[in-house]
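Chemist: Take this structure first; my questions come after.
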Amino acid sequence: MPLTDEQKAVVYADQGMFVVLAGPGSGKTRTIIEKITHLFNDKVIPEPFGLLAITFTNAAANEMRSRLRTSGFRQWDQVFIGTFHSFCHYLLSCYGSDVGVREDFDVVDSQTQDNIINEILRDYPHLSLSNIKNTIEGLKRQGIYPGIKDERIAPELRAIYSAYQTSLMEDNLVDFGDLIFFAIRLLEESVLTKRIFTSHFHHILVDEFQDTDHQQLELIKILAERATSVSIVADDDQSIFGWRGADRRNVEAIAKHLGAKRLQLGINFRSDQVIVEAAEYVIQQDADRTTKSITASSKDRGHLYYGLFADPSEEANNVGSQIVEIRDQGTVDDLGQIAIIARARRRVEPVIEYLDSMSINWFDRSRLNFIDAWDALLAIATLNLAIAPESTDGLFNVMSTIEDAGLAYQLSVQDALDVALDLKSNIVENIVEQPSLTNIDEILEISGFWRLLEQVSWSSTEQKNRKENVTMMVEDLIRIAEQSNFSLIKSLDHLAGLGAIQIMTGQGAKGREFDHVFFIGLEEGVIPDYRAENEDEIAEERRIFYVGLTRARRAVYLSSVLERIMPWGEMRTQQQSRFIFQIPDEFIEVFP
Amino acid sequence: MKLRSVHIRNFRNLKDVYVVFSGIGVIVGENDSGKTNFLHALRLVLDPQAIRLRLDLSETDINDDARVAGELWFSVTMEIGDLQRHPDVETCFKERIDIDENETFVTIEGKYERGEDGVYSFTNVVKPPAERHNDPIPMKPRMFRAIPFHYLSALRDSERDMRATGRSALAQLLDDVDFSDVEEDVRGYLHSANVALGASADVNELAQGITSHMTQLLPGGQSQVKLTVSDEDSLAIKRGIRLGLQKFTDGSVVDISRHGTGIQNIALIALFRHRVEAGSFGIPILAIEEPEAHLHPHAQRNLFRDLAEMVVPVIVTTHSPEIVKHADPLRLVLFRTIEGATHPFQLDPTKISDDDLKFLAQLMRGGRSELFFARALIIVEGQSEVLAFPEFVNALGCDLDRDGISVVNAECNNFAFILKSCSSSQFSIPAVVTYDTDGLKDTNNLLKEAYRAGLIDRETRDAGSNNTDGIVTIRREILDSVGWFAAEDCFEEEVCKHGYLDVVLQAIINNDPDHHSDHRALENFLRDEGHTADHQGVSAFIKKRATLKVPVARAVASAVKDVMRVPPCYANTIRKAVLQSQGGLRVDQNFEKQACQSGFLDVLLNAIREQGAFDQYKAFCAEHEIVRNEVGVPGFIATETSQTLRPITKLAVADAVAECRCTDYADEIRRTDF
């Protein structure tokens, strides 16, 4: 499909500063891919300079790489595609010493972080771990550190905070907040680092800018100083991370700071008409938003169903049987095209029970321990290849993963196929036993997977983290197999979420799309959350609802219940979520 | 951009070679001193074509001593600096930039090493900057492209490089050339040319003929052979590009391959210079072996000046005195082999004064650059010695070229500086001085030189300052003490005293064969001054008639091979130079042979005589049909029957070694048993 005029405008906006307001389903990722391709193919960015593309999740970065690869992109060594954290990690692992962070630092894991804080809190028994953890995180997001802008911190907190920082430093550790904070300091204080990186990145592209916090805004401001062009992609309607310091006003702030020109991607290519229109009615309730129009490109009307059920179990039965119905109609290629969104994880349990009883596979990404990064994906692909070494698909998957991660380039090998063939020949020549759950480690060893991981890691820290991540993936794999009595191959499929109903929270749904979306548990106190008090917080809840709605291509199934048992055991009458009433009645069909 | 330094360890004969560069690097040294290995090592790390070179590596490329010591690796480390001026290069190494004052640089290391699996491999990495705690990162293709390494070997194929095929120099340069603006036109013309060619009756017949004979061999379908001027695709067009040279005298264009090798070399180097100035991505490093090849001295000078002015790192290795002559002394790197290992010598700018530097440059431009090629120097007083010494050396059984010894004419007694700079730690070239004692009578110049060379202190110099009675003896003792050899009291007297009197007299007669004016003058002189025609009288006469010096020296030189005698002071000078160039004599199975080659044949012969074994020796030679003593003597002494002789002759050699003021070497010989 050719680019639309508004998409073209974004692709060819290659000189100067731009803020691109992109509605849901507006072909944003595709437009970004086209833009990157244009920047390099038309030599807008001269060799050997580069582009920095910041995404919000590793999954988004992986997807961007994967789609670039499919489009035939080759200049991998000229792009950095990653999250704020991975980029800051990269900067600090190059020149961290200049701001007191040894380049071989580790990122503290959650368990160690808890231990450190607990140790400190022995002297402060009246304080809770999670409270302190959140407080420190919050302070870091504002750039407040012991000795830096800390005048307003209470003395007690200051003592705890500085003990925590000292303890991290002693063990050569940083936490996620530190990554950003020290990277900013590095760019501010090290003339060399700033010069090298600001002169390298001629173009900067940041996606989901509405989700940035104060520090991330500062970082982009510095990096943008010498850039020929900056593209800020944002949708303030999808800003749903306020609870972790995201500030949708940052979009306005960076636009003003850069003197950026505004571009819009308003045509929704994803959802059928009724969904787009309903979503627009909902989001227009938000007084504070940047006005932009969203129109559906689809010629189909689509469906928006609503069901009000007696209780969660009736809700689950209806949702479940509707899923069975969809499956049996054969209108979706794959059950992965169906999603269940619930604001509260608890509400999905009855649905899961139903699905299990019908032997329908489901997949919940949030239940995985490991990070969805290329290392784990490559391990999965390698194991799949070991199961069927002669399968072309298997080899192709390994190769794609290698290319997506840009590994061939790091190994100074021309072609990802070479690396993939290498793994394959190791497997074919050396693996005698049929791969099974008991010899996973052995397969990863013999195939040369671990060695590959070592070779491509920038630092021993990275190497260690990647190994840990893969180890966690293997643990998950074994856990799944044991729970469901699956074979290795089935567990792998399950782990990759293949052919399974996708289950997620409101936030977890972001950036994804499905043919059918079930959004359950739409009651007051669930969405909006009972803790949302002021207009801003209600507005964020509304945006979560909006994001959920706009995930669907063909049909949305909304549901609420009349009463349910509260966590403390009491049966309570429920009110329908106020957001339901913001959808005009004529759009709503009765839950089938 | 610049190449700051190169450190090579354990590679072939480069055991531990650290060279600092500033501007063009001019590497000089004898053959086999490691110059080519040095460039080869750089290629292994930087040359995009080095994959093949790396595949050819084996354990034997690791230095022998290192292997014996269990070091199964070699490494090549280089610092590439001044990157702050080249953002395009700097950015390629952005993760590992180091900084020194305001200069940014990277350290690249290539290492050939045995892995745990016993397999050797070569890896290229960018090393972490000093004081940083990160790991090296592998060199990536773009890093290589940022600092393309261009190597022109001494055996370069200029003709190949002038064609745009393969990885030739021209092809590499054309890679960056965009001719899409005219591509369609060129294609059109080529097509027309092909059509025009096809219209030729003969060409057509040939094509048809080939086709008819091929058809039966080709399976299926109809095939047609075509003869064309060139393919019409863009790659073929690029490959077809030739470098031609147009001379304005006749206006005709001639393919460069028709020109002499010299012109081709100049064109080749011009190509690279253009590549540098064209300013596309990356800064090349040029390494040129013997840029002087096939060029006359004038062209060599011009070429070198151009190379030296290039703003990119350039390293040349050279044998050309012309190039060395015009190089900045600070840019010279001298490779010398000491006990089988290459040692680089270069001036340390922090340790040499500006005046000395200027003088050194003058000296080199004055043609003394051969100093830098020598393993030892013999500094002599004047032209006569320069003429006669090579023959004396031969008469002693030594070989100036083999031992890398240069004979330097000190002329205006200005050799203190040569002495000082050569023997300084920066070059450590041993120098042996021989002087005439007649110069001691009236002046203290020689002591002044010795003082300026740093051999004696001020007091010692001043002890010889007054022309009092017995001052000659005092001065002479001082010069003896610094190891200089005195000729008694000049070259002519010395040679006349040691067998060349007749030769010298004949030379005087021959100088004016028609009128015998010189001869008559000699007779008059002898009579008037009350001299006889002996060594003193004759040399006193020649001193008066300076025009006779050169003819006499020539006559002596040509008579040496018949007279076969070398005045002892010169013999000792030569022996000392040979010993120093070799680092002494090793006591082993080849001891006698080495001694003969170092000028001690007569010492050995005398020792045989003194032991009353001369007849035995003659019989030995007759039995083995040996004619030459330098073969017979070592053979005889090493035989079973004369084993008692061996320690005695060894001691005789040791004494003679001591005689030529190499007491350390002499002690070493005495101490060591076979």
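So you can find residues: chains in the structure tokens are A, B, ... in the order shown, residues in each start at 1, and ligands are numbered from 1 in order.
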With chain A as the partner and 8 Å as the cut-off, tabulate the residues of chain B that qualify, each row holding the nearest pair of atoms and their distance in Å to one decimal, using only C-alpha atoms, sorted by chain and rising number, as JSON lines.
Modeler:
```
{"residue": "B:Pro87", "atom": "CA", "partner": "A:Ser199", "partner_atom": "CA", "distance": 7.6}
{"residue": "B:Asp88", "atom": "CA", "partner": "A:Pro48", "partner_atom": "CA", "distance": 6.2}
{"residue": "B:Glu90", "atom": "CA", "partner": "A:Ile196", "partner_atom": "CA", "distance": 7.6}
{"residue": "B:Thr91", "atom": "CA", "partner": "A:His200", "partner_atom": "CA", "distance": 5.8}
{"residue": "B:Cys92", "atom": "CA", "partner": "A:Pro48", "partner_atom": "CA", "distance": 6.7}
{"residue": "B:Lys94", "atom": "CA", "partner": "A:Ile196", "partner_atom": "CA", "distance": 6.2}
{"residue": "B:Glu95", "atom": "CA", "partner": "A:Cys94", "partner_atom": "CA", "distance": 5.4}
{"residue": "B:Arg96", "atom": "CA", "partner": "A:Cys94", "partner_atom": "CA", "distance": 6.6}
{"residue": "B:Arg132", "atom": "CA", "partner": "A:Glu103", "partner_atom": "CA", "distance": 6.6}
{"residue": "B:His133", "atom": "CA", "partner": "A:Glu103", "partner_atom": "CA", "distance": 5.0}
{"residue": "B:Asn134", "atom": "CA", "partner": "A:Glu103", "partner_atom": "CA", "distance": 5.4}
{"residue": "B:Asp135", "atom": "CA", "partner": "A:Ser459", "partner_atom": "CA", "distance": 5.6}
{"residue": "B:Ile137", "atom": "CA", "partner": "A:Trp458", "partner_atom": "CA", "distance": 6.6}
{"residue": "B:Pro138", "atom": "CA", "partner": "A:Leu411", "partner_atom": "CA", "distance": 7.3}
{"residue": "B:Met139", "atom": "CA", "partner": "A:Ser412", "partner_atom": "CA", "distance": 7.3}
{"residue": "B:Lys140", "atom": "CA", "partner": "A:Ser412", "partner_atom": "CA", "distance": 5.4}
{"residue": "B:Pro141", "atom": "CA", "partner": "A:Ser412", "partner_atom": "CA", "distance": 6.3}
{"residue": "B:Arg142", "atom": "CA", "partner": "A:Pro48", "partner_atom": "CA", "distance": 7.6}
{"residue": "B:Phe281", "atom": "CA", "partner": "A:Glu47", "partner_atom": "CA", "distance": 7.0}
```
Chemist: Those same residues - N, CA and C atoms - I'd like them written as a PDB file, in the first residue's frame.
Modeler:
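Everything below was put into out_1.pdb:
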```pdb
ATOM      1  N   PRO B  87      35.915  14.196  12.265  1.00  0.00           N
ATOM      2  CA  PRO B  87      34.721  13.651  12.942  1.00  0.00           C
ATOM      3  C   PRO B  87      34.220  12.368  12.296  1.00  0.00           C
ATOM      4  N   ASP B  88      34.425  12.241  10.977  1.00  0.00           N
ATOM      5  CA  ASP B  88      33.910  11.032  10.326  1.00  0.00           C
ATOM      6  C   ASP B  88      34.671   9.791  10.776  1.00  0.00           C
ATOM      7  N   GLU B  90      36.496   9.678  13.708  1.00  0.00           N
ATOM      8  CA  GLU B  90      36.306   9.588  15.161  1.00  0.00           C
ATOM      9  C   GLU B  90      35.001   8.880  15.496  1.00  0.00           C
ATOM     10  N   THR B  91      33.990   9.205  14.747  1.00  0.00           N
ATOM     11  CA  THR B  91      32.666   8.676  15.075  1.00  0.00           C
ATOM     12  C   THR B  91      32.581   7.164  14.881  1.00  0.00           C
ATOM     13  N   CYS B  92      33.412   6.648  13.988  1.00  0.00           N
ATOM     14  CA  CYS B  92      33.401   5.200  13.779  1.00  0.00           C
ATOM     15  C   CYS B  92      33.938   4.450  14.997  1.00  0.00           C
ATOM     16  N   LYS B  94      33.491   5.597  18.145  1.00  0.00           N
ATOM     17  CA  LYS B  94      32.972   6.432  19.225  1.00  0.00           C
ATOM     18  C   LYS B  94      32.908   5.760  20.592  1.00  0.00           C
ATOM     19  N   GLU B  95      32.854   4.434  20.610  1.00  0.00           N
ATOM     20  CA  GLU B  95      32.740   3.765  21.919  1.00  0.00           C
ATOM     21  C   GLU B  95      34.060   3.684  22.668  1.00  0.00           C
ATOM     22  N   ARG B  96      35.183   3.889  21.996  1.00  0.00           N
ATOM     23  CA  ARG B  96      36.457   3.666  22.669  1.00  0.00           C
ATOM     24  C   ARG B  96      37.477   4.768  22.361  1.00  0.00           C
ATOM     25  N   ARG B 132      39.975   3.204  31.750  1.00  0.00           N
ATOM     26  CA  ARG B 132      38.554   2.857  31.667  1.00  0.00           C
ATOM     27  C   ARG B 132      38.382   1.363  31.889  1.00  0.00           C
ATOM     28  N   HIS B 133      37.221   1.013  32.412  1.00  0.00           N
ATOM     29  CA  HIS B 133      37.008  -0.379  32.764  1.00  0.00           C
ATOM     30  C   HIS B 133      36.084  -1.056  31.774  1.00  0.00           C
ATOM     31  N   ASN B 134      36.340  -0.867  30.508  1.00  0.00           N
ATOM     32  CA  ASN B 134      35.507  -1.639  29.595  1.00  0.00           C
ATOM     33  C   ASN B 134      36.350  -2.579  28.750  1.00  0.00           C
ATOM     34  N   ASP B 135      35.670  -3.417  28.032  1.00  0.00           N
ATOM     35  CA  ASP B 135      36.353  -4.460  27.284  1.00  0.00           C
ATOM     36  C   ASP B 135      36.718  -3.947  25.892  1.00  0.00           C
ATOM     37  N   ILE B 137      36.579  -3.897  21.939  1.00  0.00           N
ATOM     38  CA  ILE B 137      35.486  -4.278  21.039  1.00  0.00           C
ATOM     39  C   ILE B 137      36.080  -4.692  19.699  1.00  0.00           C
ATOM     40  N   PRO B 138      35.458  -5.663  19.046  1.00  0.00           N
ATOM     41  CA  PRO B 138      35.992  -6.116  17.766  1.00  0.00           C
ATOM     42  C   PRO B 138      35.946  -4.999  16.732  1.00  0.00           C
ATOM     43  N   MET B 139      36.932  -4.961  15.870  1.00  0.00           N
ATOM     44  CA  MET B 139      36.937  -3.996  14.768  1.00  0.00           C
ATOM     45  C   MET B 139      35.787  -4.341  13.827  1.00  0.00           C
ATOM     46  N   LYS B 140      35.065  -3.333  13.399  1.00  0.00           N
ATOM     47  CA  LYS B 140      33.932  -3.576  12.516  1.00  0.00           C
ATOM     48  C   LYS B 140      34.258  -3.068  11.117  1.00  0.00           C
ATOM     49  N   PRO B 141      33.517  -3.564  10.130  1.00  0.00           N
ATOM     50  CA  PRO B 141      33.839  -3.178   8.754  1.00  0.00           C
ATOM     51  C   PRO B 141      33.962  -1.674   8.571  1.00  0.00           C
ATOM     52  N   ARG B 142      33.081  -0.915   9.216  1.00  0.00           N
ATOM     53  CA  ARG B 142      33.143   0.517   8.990  1.00  0.00           C
ATOM     54  C   ARG B 142      34.393   1.138   9.601  1.00  0.00           C
ATOM     55  N   PHE B 281      34.693   9.736   2.540  1.00  0.00           N
ATOM     56  CA  PHE B 281      34.737   9.204   3.898  1.00  0.00           C
ATOM     57  C   PHE B 281      36.009   8.389   4.156  1.00  0.00           C
TER      58      PHE B 281
END
```
Chemist: Need to verify the contact set: B:Ala487, 9 Å, only C-alpha atoms, exclusion of same-chain residues closer than 3 positions in sequence. Can you return it as an MDAnalysis selection string?
Modeler: chainID B and resid 434:438 490:491 493:494 567:570
Chemist: I need the chosen residues saved as a compact mmCIF listing (two decimals), in the first residue's frame, with C-alpha atoms.
Modeler:
```txt
# COMPACT_ATOMS: atom_id res chain seq x y z
CA THR B 434 91.66 6.63 13.43
CA TYR B 435 93.68 9.84 13.28
CA ASP B 436 97.13 11.10 12.26
CA THR B 437 99.50 11.99 15.05
CA ASP B 438 101.03 14.81 13.00
CA CYS B 490 100.30 10.27 8.90
CA PHE B 491 98.76 7.95 6.33
CA GLU B 493 104.33 7.39 6.65
CA GLU B 494 102.21 4.58 8.04
CA PRO B 567 99.38 -1.16 8.74
CA PRO B 568 98.61 -2.30 12.31
CA CYS B 569 96.78 0.85 13.39
CA TYR B 570 94.39 0.50 10.45
```
Chemist: Between atom CA of B:Gln589 and atom CA of B:Arg609, what is the distance, to one decimal in Å?
Modeler: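 Spanning atom CA of B:Gln589 to atom CA of B:Arg609 is a straight-line distance of 21.8 Å.
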Chemist: Between A:Glu442, A:Glu34, A:Glu403, A:Glu188, which has the minimum distance to A:Ala416 (counting only C-alpha atoms)?
Modeler: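 Of all the options, A:Glu403 lies closest to A:Ala416.
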Chemist: Please identify all polymer residues within 10 Å of B:Leu479, counting only C-alpha atoms, omitting same-chain residues fewer than 5 positions from it, and present them as a list in words.
Modeler: Val433, Thr434, Tyr435, Leu446, Leu447, Ala450, Leu455, Ile456, Thr473, Ile474, Trp484, Phe485 and Ala486 of chain B
Chemist: As an MDAnalysis selection string, please: the residues near B:Glu184 (cut-off 12 Å, only C-alpha atoms, same-chain neighbours under 3 positions excluded).
Modeler: chainID B and resid 179:181 187:191 232:234 237
Chemist: Counting only C-alpha atoms, figure out which residue out of A:Asp109, A:Asp364, A:Glu586, A:Gly147 gets nearest to A:Asn465.
Modeler: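 Of the candidates, the smallest distance to A:Asn465 is held by A:Asp109.
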Chemist: If you run DSSP on this backbone, which residues of stretch 238-332 of chain B come out as helix (DSSP H, G or I), and could you give them as a PyMOL selection string?
Modeler: chain B and resi 238-240+256-258+261-278+297-309+321-326+329-331
Chemist: For the residues in the current selection, export N, CA and C atoms as a short mmCIF file (atom, residue, chain, number, x, y, z; two decimals), in the first residue's frame.
Modeler:
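Written file, again-v4.cif:
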```cif
data_model
loop_
_atom_site.label_atom_id
_atom_site.label_comp_id
_atom_site.auth_asym_id
_atom_site.auth_seq_id
_atom_site.Cartn_x
_atom_site.Cartn_y
_atom_site.Cartn_z
N LYS B 238 32.97 0.63 -15.65
CA LYS B 238 33.98 1.00 -14.65
C LYS B 238 35.26 0.20 -14.83
N ARG B 239 35.08 -1.09 -15.06
CA ARG B 239 36.28 -1.94 -15.20
C ARG B 239 37.09 -1.56 -16.42
N GLY B 240 36.37 -1.01 -17.41
CA GLY B 240 37.05 -0.69 -18.66
C GLY B 240 37.84 0.61 -18.60
N ILE B 256 48.96 4.24 -19.76
CA ILE B 256 50.08 4.41 -18.84
C ILE B 256 51.00 3.20 -18.83
N SER B 257 50.44 2.03 -19.18
CA SER B 257 51.28 0.83 -19.14
C SER B 257 52.37 0.87 -20.19
N ARG B 258 52.22 1.79 -21.17
CA ARG B 258 53.26 1.91 -22.19
C ARG B 258 54.44 2.73 -21.68
N THR B 261 58.39 2.12 -15.92
CA THR B 261 57.94 1.80 -14.57
C THR B 261 58.00 3.02 -13.66
N GLY B 262 58.98 3.86 -13.89
CA GLY B 262 59.12 5.05 -13.05
C GLY B 262 57.90 5.94 -13.14
N ILE B 263 57.46 6.23 -14.37
CA ILE B 263 56.29 7.07 -14.57
C ILE B 263 55.07 6.41 -13.94
N GLN B 264 54.97 5.10 -14.11
CA GLN B 264 53.83 4.40 -13.55
C GLN B 264 53.80 4.55 -12.04
N ASN B 265 54.96 4.45 -11.43
CA ASN B 265 55.02 4.59 -9.98
C ASN B 265 54.58 5.98 -9.55
N ILE B 266 55.03 6.97 -10.28
CA ILE B 266 54.64 8.34 -9.92
C ILE B 266 53.14 8.50 -10.06
N ALA B 267 52.59 7.94 -11.15
CA ALA B 267 51.15 8.05 -11.37
C ALA B 267 50.39 7.35 -10.25
N LEU B 268 50.91 6.21 -9.85
CA LEU B 268 50.25 5.44 -8.80
C LEU B 268 50.20 6.24 -7.51
N ILE B 269 51.32 6.83 -7.18
CA ILE B 269 51.36 7.57 -5.93
C ILE B 269 50.50 8.84 -6.03
N ALA B 270 50.47 9.41 -7.26
CA ALA B 270 49.60 10.57 -7.47
C ALA B 270 48.13 10.19 -7.27
N LEU B 271 47.78 8.98 -7.69
CA LEU B 271 46.43 8.47 -7.50
C LEU B 271 46.06 8.49 -6.03
N PHE B 272 46.96 8.02 -5.21
CA PHE B 272 46.70 7.97 -3.78
C PHE B 272 46.62 9.36 -3.19
N ARG B 273 47.46 10.22 -3.67
CA ARG B 273 47.42 11.57 -3.13
C ARG B 273 46.08 12.21 -3.45
N HIS B 274 45.59 11.93 -4.63
CA HIS B 274 44.29 12.48 -4.98
C HIS B 274 43.22 11.88 -4.08
N ARG B 275 43.31 10.59 -3.87
CA ARG B 275 42.34 9.89 -3.02
C ARG B 275 42.26 10.57 -1.65
N VAL B 276 43.41 10.98 -1.16
CA VAL B 276 43.47 11.63 0.14
C VAL B 276 42.80 12.99 0.08
N GLU B 277 43.10 13.71 -0.98
CA GLU B 277 42.58 15.08 -1.05
C GLU B 277 41.11 15.13 -1.45
N ALA B 278 40.65 14.07 -2.10
CA ALA B 278 39.27 14.07 -2.59
C ALA B 278 38.28 14.16 -1.43
N PRO B 297 67.34 10.14 -9.11
CA PRO B 297 67.43 10.86 -7.84
C PRO B 297 66.57 12.12 -7.77
N HIS B 298 66.48 12.85 -8.84
CA HIS B 298 65.72 14.09 -8.80
C HIS B 298 64.24 13.79 -8.56
N ALA B 299 63.74 12.80 -9.27
CA ALA B 299 62.34 12.42 -9.11
C ALA B 299 62.11 11.87 -7.71
N GLN B 300 63.08 11.14 -7.19
CA GLN B 300 62.97 10.62 -5.83
C GLN B 300 62.76 11.75 -4.85
N ARG B 301 63.56 12.79 -5.02
CA ARG B 301 63.47 13.92 -4.10
C ARG B 301 62.10 14.57 -4.16
N ASN B 302 61.62 14.80 -5.40
CA ASN B 302 60.32 15.44 -5.55
C ASN B 302 59.21 14.60 -4.94
N LEU B 303 59.29 13.32 -5.24
CA LEU B 303 58.28 12.40 -4.76
C LEU B 303 58.26 12.41 -3.24
N PHE B 304 59.44 12.34 -2.68
CA PHE B 304 59.50 12.28 -1.22
C PHE B 304 58.95 13.55 -0.60
N ARG B 305 59.29 14.68 -1.21
CA ARG B 305 58.79 15.93 -0.66
C ARG B 305 57.27 15.94 -0.69
N ASP B 306 56.70 15.47 -1.78
CA ASP B 306 55.25 15.41 -1.88
C ASP B 306 54.66 14.49 -0.82
N LEU B 307 55.28 13.35 -0.65
CA LEU B 307 54.77 12.39 0.34
C LEU B 307 54.82 13.00 1.74
N ALA B 308 55.93 13.67 2.01
CA ALA B 308 56.12 14.22 3.36
C ALA B 308 55.11 15.31 3.66
N GLU B 309 54.61 15.94 2.61
CA GLU B 309 53.65 17.03 2.83
C GLU B 309 52.22 16.55 2.93
N PRO B 321 69.58 6.83 -0.42
CA PRO B 321 70.25 7.92 0.29
C PRO B 321 69.62 9.27 -0.06
N GLU B 322 69.08 9.37 -1.27
CA GLU B 322 68.45 10.63 -1.67
C GLU B 322 67.28 10.96 -0.75
N ILE B 323 66.49 9.95 -0.43
CA ILE B 323 65.32 10.18 0.41
C ILE B 323 65.75 10.48 1.83
N VAL B 324 66.68 9.68 2.32
CA VAL B 324 67.14 9.89 3.69
C VAL B 324 67.75 11.28 3.82
N LYS B 325 68.46 11.66 2.78
CA LYS B 325 69.10 12.97 2.76
C LYS B 325 68.10 14.09 3.00
N HIS B 326 66.92 13.93 2.45
CA HIS B 326 65.95 15.02 2.51
C HIS B 326 64.90 14.83 3.58
N PRO B 329 65.40 14.59 10.19
CA PRO B 329 66.02 13.54 11.02
C PRO B 329 65.07 12.97 12.08
N LEU B 330 64.15 13.79 12.53
CA LEU B 330 63.22 13.31 13.56
C LEU B 330 62.25 12.27 13.01
N ARG B 331 62.10 12.24 11.69
CA ARG B 331 61.15 11.29 11.10
C ARG B 331 61.81 9.96 10.77
#
```
Chemist: DSSP on the backbone, strand (DSSP E or B) only: what residues of stretch 329-414 of chain A does that give? Format it as a list of chain:residue names.
Modeler: A:Ile338, A:Ala339, A:Ile340, A:Ile341, A:Ala342, A:Trp362, A:Phe363, A:Asp364
Chemist: Would you list the contacts of B:Lys544 as a PyMOL selection string, taking every protein, DNA or RNA residue within 12 Å and counting only C-alpha atoms, but skipping same-chain residues closer than 3 positions in sequence?
Modeler: chain B and resi 518+521-522+525-526+537-541+547-549
Chemist: Go through A:Val348, A:Asn134, A:Met472, A:Leu549 one by one, measure the shortest atom-to-atom distance of each to A:Asn369 using only C-alpha atoms, and give the residue with the smallest value.
Modeler: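 Answer, going by the shortest atom-to-atom distance: A:Met472.
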Chemist: If you count only C-alpha atoms, which residues fall within 12 Å of B:Asn510, apart from same-chain ones fewer than 5 positions away, as a PyMOL selection string?
Modeler: chain B and resi 502-505+515-520+548+551-552+554-555
Chemist: At a cut-off of 9 Å, using only C-alpha atoms, what residues contact A:Arg262? Leave out same-chain residues fewer than 3 positions from it and give the result as number ranges by chain.
Modeler: A: 17-21, 255
Chemist: Please write the residues from the selection above to a file, keeping N, CA and C atoms, as a compact mmCIF listing (two decimals), in the first residue's frame.
Modeler:
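Everything below was put into result-v4.txt:
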```txt
# COMPACT_ATOMS: atom_id res chain seq x y z
N MET A 17 13.10 20.30 12.97
CA MET A 17 12.50 19.69 14.15
C MET A 17 11.02 19.42 13.94
N PHE A 18 10.59 18.24 14.31
CA PHE A 18 9.20 17.87 14.08
C PHE A 18 8.60 17.14 15.27
N VAL A 19 7.32 17.47 15.51
CA VAL A 19 6.57 16.66 16.45
C VAL A 19 5.46 16.01 15.63
N VAL A 20 5.43 14.70 15.66
CA VAL A 20 4.43 13.98 14.88
C VAL A 20 3.39 13.42 15.85
N LEU A 21 2.16 13.89 15.69
CA LEU A 21 1.09 13.38 16.54
C LEU A 21 0.43 12.22 15.79
N ALA A 255 8.30 20.26 22.04
CA ALA A 255 7.91 20.97 20.82
C ALA A 255 8.34 22.43 20.91
```
Chemist: Rank nothing, just name the residue among A:Ile443, A:Leu127, A:Leu139, A:Ile32 nearest to A:Gly245, using only C-alpha atoms.
Modeler: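 Comparing A:Ile443, A:Leu127, A:Leu139, A:Ile32 against A:Gly245, the winner is A:Leu139.
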